[in-house]
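Novice: What follows is run-v2.txt, made up of compact mmCIF, C-alpha atoms:
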```txt
# COMPACT_ATOMS: atom_id res chain seq x y z
CA LYS F 418 100.95 121.37 127.67
CA LYS F 419 102.38 120.23 130.99
CA VAL F 420 105.96 119.02 131.19
CA HIS F 421 107.26 117.25 134.27
CA ILE F 422 110.90 117.78 135.23
CA PHE F 423 112.03 115.16 137.72
CA ARG F 424 115.81 115.08 138.04
CA ALA F 425 119.20 115.07 136.37
CA GLU F 426 122.06 112.72 136.99
CA GLU F 427 125.67 112.05 136.11
CA LEU F 428 126.61 115.72 135.88
CA LEU F 429 130.27 115.78 134.91
CA GLY F 430 131.37 117.27 138.23
CA SER F 431 130.55 113.92 139.84
CA ASP F 432 133.93 112.63 138.57
CA ASN F 433 135.83 114.91 140.95
CA GLY F 434 133.22 115.25 143.68
CA THR F 435 132.04 118.72 142.63
CA ARG F 436 128.44 119.31 143.60
CA TYR F 437 126.36 121.84 141.68
CA CYS F 438 123.17 123.74 142.24
CA ALA F 439 121.26 123.53 138.96
CA PHE F 440 118.10 124.59 137.20
CA ILE F 441 116.46 123.73 133.88
CA VAL F 442 115.35 126.38 131.37
CA ILE F 443 112.90 125.61 128.54
CA LYS F 444 112.70 128.00 125.61
CA ILE F 445 110.11 128.05 122.85
CA ASP F 446 110.34 130.19 119.70
CA GLY F 447 107.96 133.12 120.05
CA LEU F 448 107.82 132.89 123.86
CA ARG F 449 109.30 136.02 125.36
CA THR F 450 110.01 134.62 128.83
CA PRO F 451 111.53 131.14 129.13
CA MET F 452 110.12 128.64 131.61
CA ARG F 453 112.45 127.46 134.39
CA THR F 454 112.65 125.25 137.42
CA GLU F 455 113.73 126.28 140.88
CA LEU F 456 117.42 126.15 141.81
CA SER F 457 118.24 122.68 143.17
CA ARG F 458 120.33 121.91 146.21
CA GLU F 459 124.01 121.12 145.72
CA SER F 460 124.25 117.65 144.18
CA THR F 461 125.76 115.65 141.33
CA SER F 462 122.21 114.41 140.65
CA PRO F 463 119.87 117.37 141.27
CA SER F 464 116.14 116.80 141.56
CA TRP F 465 113.23 119.17 141.07
CA HIS F 466 109.97 117.19 140.75
CA GLU F 467 108.34 120.20 139.12
CA GLU F 468 105.58 120.60 136.57
CA LEU F 469 105.93 123.41 134.03
CA GLN F 470 102.93 124.60 132.02
CA LEU F 471 104.19 125.38 128.51
CA PRO F 472 102.11 127.98 126.63
CA ILE F 473 102.10 126.25 123.24
CA PHE F 474 99.68 127.56 120.62
CA LEU F 475 98.92 126.18 117.15
CA PRO F 476 100.16 126.75 114.53
CA LEU F 477 103.70 126.40 115.84
CA LEU F 478 106.43 128.84 114.82
CA SER F 479 109.00 126.11 115.41
CA ASN F 480 108.80 122.41 116.22
CA LYS F 481 111.54 122.37 118.83
CA LEU F 482 111.92 123.01 122.52
CA GLN F 483 115.32 124.23 123.60
CA ILE F 484 116.26 122.76 126.98
CA GLU F 485 119.20 124.14 128.93
CA ILE F 486 120.74 123.12 132.20
CA TRP F 487 122.43 125.90 134.16
CA ILE F 488 124.77 125.33 137.09
CA SER F 489 126.10 127.34 140.00
CA GLN F 490 128.61 126.47 142.72
CA ASN F 491 126.14 127.34 145.50
CA SER F 492 122.51 128.23 146.05
CA THR F 493 122.88 131.99 146.55
CA THR F 494 121.31 134.18 143.89
CA SER F 495 124.52 136.20 143.68
CA SER F 496 126.52 133.10 142.74
CA ARG F 497 127.82 133.02 139.16
CA GLN F 498 125.58 130.85 136.98
CA GLU F 499 126.85 129.29 133.79
CA LEU F 500 125.28 127.39 130.93
CA TYR F 501 126.20 123.74 131.41
CA ALA F 502 124.60 122.19 128.31
CA THR F 503 121.75 122.54 125.80
CA THR F 504 119.64 120.03 123.93
CA PHE F 505 116.53 120.12 121.73
CA ILE F 506 113.41 117.97 121.58
CA SER F 507 110.49 117.98 119.18
CA ILE F 508 107.29 119.68 120.36
CA THR F 509 105.35 117.20 118.24
CA ASN F 510 106.75 114.32 120.32
CA VAL F 511 105.72 116.05 123.56
CA PHE F 512 102.09 116.07 122.34
CA LYS F 513 102.07 112.31 121.64
CA LYS F 514 100.37 110.25 124.33
CA TRP F 515 103.11 107.62 124.40
CA TYR F 516 105.78 110.22 125.10
CA GLY F 517 106.06 109.46 128.78
CA PRO F 518 108.92 109.86 131.21
CA LYS F 519 112.26 109.44 129.49
CA TRP F 520 115.89 110.42 129.91
CA ILE F 521 117.30 113.12 127.64
CA ASN F 522 121.08 113.29 127.28
CA PHE F 523 123.16 116.46 127.32
CA TYR F 524 126.34 116.79 125.27
CA GLY F 525 128.95 119.55 125.26
CA THR F 526 132.49 120.01 126.46
CA THR F 527 134.10 120.93 129.74
CA ASN F 528 136.20 123.86 130.80
CA LYS F 529 138.90 121.34 131.69
CA ASP F 530 139.63 120.73 128.02
CA LEU F 531 142.78 122.86 127.65
CA HIS F 532 142.99 122.41 123.88
CA THR F 533 139.62 124.04 123.27
CA SER F 534 139.03 127.80 123.33
CA GLN F 535 136.38 129.28 125.64
CA LEU F 536 134.45 130.48 122.56
CA VAL F 537 134.23 126.93 121.20
CA ILE F 538 133.29 125.56 124.65
CA ARG F 539 130.39 128.06 124.90
CA ALA F 540 129.26 127.23 121.35
CA MET F 541 129.25 123.48 122.08
CA ASN F 542 127.44 123.84 125.40
CA SER F 543 124.77 126.03 123.78
CA ALA F 544 124.36 123.44 120.96
CA LYS F 545 125.44 125.90 118.26
CA ILE F 546 128.07 123.44 117.07
CA PRO F 547 128.06 119.65 117.56
CA ALA F 548 129.67 118.24 120.69
CA SER F 549 130.42 114.66 121.67
CA THR F 550 131.26 114.76 125.38
CA TYR F 551 128.48 113.27 127.51
CA LEU F 552 127.65 115.76 130.29
CA GLY F 553 124.76 113.95 131.96
CA ARG F 554 121.04 113.51 131.48
CA PHE F 555 117.75 114.76 132.83
```
Would you write the structure of this file as structure tokens?

Specialist:
Amino acid sequence: KKVHIFRAEELLGSDNGTRYCAFIVIKIDGLRTPMRTELSRESTSPSWHEELQLPIFLPLLSNKLQIEIWISQNSTTSSRQELYATTFISITNVFKKWYGPKWINFYGTTNKDLHTSQLVIRAMNSAKIPASTYLGRF
């Protein structure tokens, strides 16, 4: 199944003018190597306009795609990359013909939240525990 990744917008850094390089990672249960986009240019609204071919076979081991957005302060490969946010969508919905282009929101928390431990921040941004801070959409 082909999935088109167009762009993201409203990344939280846009509040203070921070511009990120970003890439999207798609993980499927049973797939050893995740699919990913190229690293975008520095922007608060990165764009990729890429098509990823997802190797989905029936029967499915799981009905969900895990989608992560990773950020970096610059485009060098040696730059520190960190998980920005994670969300899940149903594989069944991706197979439906009416499931066309749509925005998918990311929720998590920011490192600026001084009352939250780094462990909790990582758990929220990886969707292991619920989070309510809107971090942008793709």

Novice: Set the distance at 8 Å and use all atoms listed in the file: which residues neighbour segment 507-513 of chain F once local chain neighbours fewer than 5 positions away are removed? I'd like the list as number ranges by chain.

Specialist: F: 418, 480-482

Novice: Quick one: pull the distance between atom CA of Tyr437 of chain F and atom CA of Pro472 of chain F, Å, one decimal.

Specialist: 29.2 Å

Novice: Report as a ChimeraX atom specification all protein, DNA and RNA residues lying within 10 Å of Trp520 of chain F, evaluated on all atoms listed in the file, omitting residues in the same chain fewer than 6 positions from it.

Specialist: /F:423-426,553-555

Novice: Taking (127.8, 118.8, 132.8) as a centre in this file's frame and 6 Å as the limit, can you find every polymer residue with an atom that close, using only C-alpha atoms, and give them as a ChimeraX atom specification?

Specialist: /F:428-429,501,552-553

Novice: Which is closest to Thr454 of chain F among F:Pro476, F:Glu468, F:Arg497, F:Pro518, if we use only C-alpha atoms?

Specialist: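 Once distances to Thr454 of chain F are computed over only C-alpha atoms, the minimum belongs to F:Glu468.
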
Novice: Give me, please, the distance in Å between atom CA of Phe474 of chain F and atom CA of Lys545 of chain F, quoted to one decimal.

Specialist: 25.9 Å

Novice: For Lys444 of chain F, work out the shell of residues within 8 Å, counting only C-alpha atoms and skipping chain neighbours fewer than 5 positions away, then give it as a list in words.

Specialist: Thr450, Pro451, Met452, Leu482, Gln483 and Ile484 of chain F

Novice: List every protein, DNA or RNA residue that has at least one atom no more than 9 Å from (117.4, 123.0, 134.0) in the file's coordinates, counting only C-alpha atoms, and write the result as number ranges by chain.

Specialist: F: 422, 425, 439-443, 453-456, 484-488, 555

Novice: Quick one: distance from atom CA of Glu467 of chain F to atom CA of Tyr551 of chain F in Å, one decimal?

Specialist: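 Atom-to-atom, atom CA of Glu467 of chain F to atom CA of Tyr551 of chain F, that is 24.3 Å.
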
Novice: Using all atoms listed in the file, which residue out of F:Ser489, F:Ser479, F:Ile473, F:Glu499 lies closest to Glu459 of chain F?

Specialist: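 Closest residue, counting all atoms listed in the file: F:Ser489.
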
Novice: Out of F:Ile445, F:Cys438, F:Thr503, F:Phe523, which residue has the shortest atom-to-atom distance to Leu471 of chain F when counting all atoms listed in the file?

Specialist: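 For Leu471 of chain F, the nearest of the given residues is F:Ile445.
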